[in-house]
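Data block below; observations after.
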Amino acid sequence: MVSERVRAVRLDDLPVLREIERAAGERYREFGLNRVADDEPASIEVLTEYVAGGRAWAAEDAGGAPVGYILVDAVDGAAHIEQVSVAPEHQGRGLGRALVERAARWAAGQGMGALTLTTFGHIPWNRPLYEHLGFRVLSDDELDPGLRSVRDAEAAHGLDPAWRVAMRRDLSQSRRTSGHTPVLVRRAEHQDVEEAAAVYVRSRAAAVPAIPPMVHDDQDTLGWFEGTVFSEHELWIAADDSGAVIGLMVLDGDFLDQLYVDPRHTGAGVGLDLLTVAKTLRPGGLQLWTFQSNQGARRFYERHGFVPVEWTDGLRNEERAPDVRYMWRPTQYPSGPG
């Protein structure tokens, strides 16, 4: 699999963008929002205006075909995300985040201080995703005239204001002070395996004594990654904007078998990026094992909805160290109006 990249939308992309929007909208039927799913995408004429204004970007696959897109307006001196959609088969791989980050770079280049958007507050891939990307919900008295007009137009179009939230992300903070390293999470290719194994080794070594030392040497670990992890399970990586592997996770059925972040990037949101993708890929739930002594990992998982369900003396793991099994089940969100 080759990772996608973000580029400016071209005019010959426009029919494909409309189909992406239709396909992505089908998920709203799960929440009773059939009217949203049935809503007609922006016309070719409207999309052409965004292209002409340099306010439309697409995520493309290895063949150059769009698999997601974002449209941006200027509202109240901020860059307002009018639409962002990713084809269902490409969701959960960081493309929405990559599109938002491209819009943020455009906004900064235009001297704008913020990104804004409106979205459904009760749908798990809407408000929670944007909060993860640094957006916050605005109260009614924080709405400037332009954003208030956007909300009014939505209500006139039939969207219940009670289910909608307006959100804002300030752009004044640098990447370093914002504490988040933008990454693309994607399925690993064979050429990523050695680098992913190296991240695993460095992460394990840096975590001692919170976890026991590894019982295998580096060469054995690489062989395990090549012969088992990559070949028999799902190896996913987090890559920074240079393409370097800075995190990894391994999925085996409903088990999150491994999740490690390069020590140089811990605390920057990479682990949460990986975990968010894992939850998207396994919407029915996840489970995992971690060492009882790894208090940092346990706090991380518990903070994100995992609960301990089994404690053992560790005789079943290679390190012979006491461990604990955690489980996560998705929150049941209320259905929206029909």
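Chains: A, B, ... in order of the structure tokens. Residues: from 1 per chain. Ligands: from 1, in order shown.
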
TODO: Give me the residues within 10 Å of region 182-186 of chain A as number ranges by chain, counting only C-alpha atoms and dropping any in the same chain fewer than 4 places off.
DONE: A: 1-5, 90, 92-98, 101, 133, 175, 235-249, 268-270, 273-274, 276-277

TODO: Enumerate as a ChimeraX atom specification all residues of region 114-293 of chain A assigned to strand (DSSP E or B) by DSSP on the backbone, naming them with the chain letters and numbers the document uses.
DONE: /A:114-120,136-137,164-170,184-187,234-239,245-252,255-261,286-291

Could those residues be written to a file, using N, CA and C atoms, as a CSV table (one decimal), in the first residue's frame?
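Written file, again25.csv:
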```csv
chain,number,residue,atom,x,y,z
A,114,ALA,N,-7.3,31.5,12.8
A,114,ALA,CA,-8.0,30.3,13.4
A,114,ALA,C,-8.7,29.5,12.2
A,115,LEU,N,-9.0,28.3,12.5
A,115,LEU,CA,-9.9,27.5,11.7
A,115,LEU,C,-11.2,27.4,12.5
A,116,THR,N,-12.3,27.4,11.7
A,116,THR,CA,-13.6,27.2,12.3
A,116,THR,C,-14.4,26.1,11.5
A,117,LEU,N,-15.4,25.6,12.1
A,117,LEU,CA,-16.3,24.6,11.4
A,117,LEU,C,-17.6,24.5,12.2
A,118,THR,N,-18.6,23.9,11.6
A,118,THR,CA,-19.8,23.4,12.3
A,118,THR,C,-19.9,21.9,12.0
A,119,THR,N,-20.4,21.2,13.0
A,119,THR,CA,-20.5,19.7,12.8
A,119,THR,C,-21.5,19.2,13.8
A,120,PHE,N,-21.8,17.9,13.7
A,120,PHE,CA,-22.7,17.3,14.7
A,120,PHE,C,-22.0,17.0,16.0
A,136,ARG,N,-12.1,23.4,19.7
A,136,ARG,CA,-13.0,23.5,20.9
A,136,ARG,C,-14.4,24.0,20.5
A,137,VAL,N,-15.4,23.6,21.3
A,137,VAL,CA,-16.8,24.0,21.0
A,137,VAL,C,-16.9,25.4,21.5
A,164,ARG,N,-26.1,20.5,16.4
A,164,ARG,CA,-25.0,21.1,15.8
A,164,ARG,C,-24.1,21.9,16.8
A,165,VAL,N,-22.8,21.9,16.6
A,165,VAL,CA,-21.9,22.7,17.4
A,165,VAL,C,-21.0,23.4,16.4
A,166,ALA,N,-20.6,24.6,16.8
A,166,ALA,CA,-19.6,25.4,16.1
A,166,ALA,C,-18.3,25.2,16.9
A,167,MET,N,-17.2,25.1,16.2
A,167,MET,CA,-15.9,24.8,16.8
A,167,MET,C,-14.8,25.7,16.2
A,168,ARG,N,-13.8,25.9,17.0
A,168,ARG,CA,-12.7,26.8,16.6
A,168,ARG,C,-11.4,26.2,17.0
A,169,ARG,N,-10.4,26.3,16.2
A,169,ARG,CA,-9.0,26.0,16.5
A,169,ARG,C,-8.1,27.2,16.3
A,170,ASP,N,-7.5,27.7,17.3
A,170,ASP,CA,-6.6,28.9,17.1
A,170,ASP,C,-5.3,28.4,16.5
A,184,LEU,N,0.7,10.9,9.6
A,184,LEU,CA,-0.2,10.1,8.8
A,184,LEU,C,-0.1,8.7,9.3
A,185,VAL,N,-1.2,8.1,9.7
A,185,VAL,CA,-1.3,6.7,10.1
A,185,VAL,C,-1.7,5.9,8.9
A,186,ARG,N,-0.9,4.9,8.6
A,186,ARG,CA,-1.2,4.1,7.4
A,186,ARG,C,-0.8,2.6,7.7
A,187,ARG,N,-1.3,1.7,6.8
A,187,ARG,CA,-0.9,0.3,6.9
A,187,ARG,C,0.6,0.3,6.4
A,234,GLU,N,-1.8,-7.2,11.3
A,234,GLU,CA,-1.9,-5.9,10.7
A,234,GLU,C,-0.9,-5.0,11.4
A,235,LEU,N,0.1,-4.6,10.7
A,235,LEU,CA,1.1,-3.6,11.2
A,235,LEU,C,0.8,-2.3,10.6
A,236,TRP,N,0.5,-1.3,11.5
A,236,TRP,CA,0.2,0.1,11.1
A,236,TRP,C,1.3,1.0,11.7
A,237,ILE,N,1.6,2.0,10.9
A,237,ILE,CA,2.7,2.9,11.4
A,237,ILE,C,2.1,4.4,11.4
A,238,ALA,N,2.8,5.2,12.2
A,238,ALA,CA,2.6,6.6,12.2
A,238,ALA,C,3.8,7.2,11.6
A,239,ALA,N,3.7,8.0,10.6
A,239,ALA,CA,4.8,8.6,9.9
A,239,ALA,C,4.7,10.1,10.0
A,245,VAL,N,9.1,6.8,10.3
A,245,VAL,CA,8.3,6.0,11.2
A,245,VAL,C,8.5,6.5,12.6
A,246,ILE,N,7.5,7.0,13.3
A,246,ILE,CA,7.7,7.5,14.7
A,246,ILE,C,6.7,6.8,15.6
A,247,GLY,N,6.0,5.8,15.1
A,247,GLY,CA,5.1,5.0,16.0
A,247,GLY,C,4.6,3.8,15.3
A,248,LEU,N,4.0,2.9,16.0
A,248,LEU,CA,3.5,1.7,15.3
A,248,LEU,C,2.4,1.0,16.2
A,249,MET,N,1.6,0.3,15.6
A,249,MET,CA,0.7,-0.6,16.4
A,249,MET,C,0.4,-1.8,15.6
A,250,VAL,N,0.1,-2.9,16.3
A,250,VAL,CA,-0.2,-4.2,15.7
A,250,VAL,C,-1.6,-4.6,16.1
A,251,LEU,N,-2.4,-5.0,15.1
A,251,LEU,CA,-3.8,-5.5,15.4
A,251,LEU,C,-3.8,-6.9,15.0
A,252,ASP,N,-4.3,-7.7,15.9
A,252,ASP,CA,-4.5,-9.2,15.7
A,252,ASP,C,-5.9,-9.5,16.1
A,255,PHE,N,-7.5,-7.7,19.2
A,255,PHE,CA,-6.5,-7.4,20.1
A,255,PHE,C,-5.6,-6.3,19.5
A,256,LEU,N,-5.4,-5.2,20.3
A,256,LEU,CA,-4.4,-4.3,20.0
A,256,LEU,C,-3.1,-4.9,20.6
A,257,ASP,N,-2.3,-5.6,19.8
A,257,ASP,CA,-1.3,-6.4,20.3
A,257,ASP,C,0.0,-5.6,20.7
A,258,GLN,N,0.2,-4.5,20.0
A,258,GLN,CA,1.4,-3.7,20.3
A,258,GLN,C,1.0,-2.2,20.0
A,259,LEU,N,1.5,-1.3,20.8
A,259,LEU,CA,1.4,0.1,20.5
A,259,LEU,C,2.6,0.8,21.1
A,260,TYR,N,3.5,1.4,20.2
A,260,TYR,CA,4.7,2.0,20.7
A,260,TYR,C,5.0,3.3,19.9
A,261,VAL,N,5.5,4.3,20.6
A,261,VAL,CA,5.9,5.5,20.0
A,261,VAL,C,7.4,5.7,20.2
A,286,LEU,N,-12.1,-3.4,21.4
A,286,LEU,CA,-10.7,-3.8,21.4
A,286,LEU,C,-10.4,-4.3,22.8
A,287,GLN,N,-9.3,-5.2,22.8
A,287,GLN,CA,-8.7,-5.6,24.0
A,287,GLN,C,-7.2,-5.6,23.9
A,288,LEU,N,-6.5,-5.6,25.0
A,288,LEU,CA,-5.1,-5.6,25.0
A,288,LEU,C,-4.5,-6.0,26.3
A,289,TRP,N,-3.2,-6.4,26.3
A,289,TRP,CA,-2.5,-6.7,27.5
A,289,TRP,C,-1.4,-5.7,27.7
A,290,THR,N,-1.2,-5.3,29.0
A,290,THR,CA,0.0,-4.5,29.3
A,290,THR,C,0.5,-4.9,30.7
A,291,PHE,N,1.7,-4.6,31.0
A,291,PHE,CA,2.3,-5.0,32.2
A,291,PHE,C,1.7,-4.2,33.4
```

Task: Atom-to-atom span, CA of Glu318 (chain A) and CA of Ala196 (chain A), Å - done: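 Computed distance, CA of Glu318 (chain A) to CA of Ala196 (chain A), equals 20.8 Å.
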
TODO: Quick one: pick out all alpha helix (DSSP H) residues within region 7-44 of chain A from a backbone DSSP run and write them as a list of chain:residue names.
DONE: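 Restricting region 7-44 of chain A to alpha helix (DSSP H) produces A:Leu14, A:Pro15, A:Val16, A:Leu17, A:Arg18, A:Glu19, A:Ile20, A:Glu21, A:Arg22, A:Ala23, A:Ala24, A:Gly25, A:Asn34, A:Arg35, A:Val36, A:Ala37, A:Asp38, A:Ile44.
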
What lies within 7 Å of region 65-72 of chain A using only C-alpha atoms, ignoring chain neighbours under 6 positions off, as a compact mmCIF listing (two decimals) with C-alpha atoms, in the first residue's frame?
```
# COMPACT_ATOMS: atom_id res chain seq x y z
CA ASP A 13 -11.47 15.79 -9.94
CA VAL A 16 -15.16 12.22 -8.18
CA LEU A 17 -15.47 14.61 -5.22
CA ILE A 20 -16.91 10.77 -2.37
CA TYR A 50 -13.41 26.76 -4.69
CA ARG A 55 -9.52 26.86 -1.43
CA ALA A 56 -9.91 23.16 -2.25
CA TRP A 57 -7.50 20.29 -1.59
CA ALA A 58 -7.71 16.55 -2.23
CA ALA A 59 -6.03 13.52 -0.72
CA ALA A 79 -10.62 29.88 7.61
CA HIS A 80 -13.96 28.10 7.81
CA ILE A 81 -14.04 24.42 6.83
CA GLU A 82 -17.13 24.19 4.68
CA GLN A 83 -16.75 20.50 3.86
CA VAL A 84 -14.32 17.67 4.54
CA SER A 85 -15.06 14.14 3.34
CA VAL A 86 -13.06 10.94 2.96
CA ALA A 87 -14.14 7.88 0.96
CA HIS A 90 -9.93 5.21 3.14
CA LEU A 99 -6.61 17.65 4.98
```

TODO: Just the residues within 6 Å of region 199-214 of chain A, please, counting only C-alpha atoms, with nothing from its chain fewer than 2 positions along; format it as a PyMOL selection string.
DONE: chain A and resi 196-197+216+262-263+293-294

Residues as selected, C-alpha atoms, written as a PDB file, in the first residue's frame, can you do that?
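again_16.pdb written:
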```pdb
ATOM      1  CA  ALA A 196       9.142  -0.057  12.654  1.00  0.00           C
ATOM      2  CA  ALA A 197      11.122  -2.798  14.402  1.00  0.00           C
ATOM      3  CA  HIS A 216      15.127 -11.218  22.458  1.00  0.00           C
ATOM      4  CA  ASP A 262       9.505   6.518  19.356  1.00  0.00           C
ATOM      5  CA  PRO A 263      10.912   7.975  22.618  1.00  0.00           C
ATOM      6  CA  SER A 293       4.045  -2.144  36.331  1.00  0.00           C
ATOM      7  CA  ASN A 294       3.513   0.105  33.277  1.00  0.00           C
TER       8      ASN A 294
END
```

TODO: Would you mind reading off the distance between CA of Phe31 (chain A) and CA of Val75 (chain A), one decimal, in Å?
DONE: 29.1 Å

Task: Atom pair CA of Pro145 (chain A) / CA of Gly77 (chain A): separation (Å) - done: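 CA of Gly77 (chain A) lies at a distance of 10.9 Å from CA of Pro145 (chain A).
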
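Distances from A:Pro308, A:Pro283, A:Gly314, A:Gly267 to Pro330 (chain A) were compared using only C-alpha atoms, and the smallest one belongs to A:Pro283.
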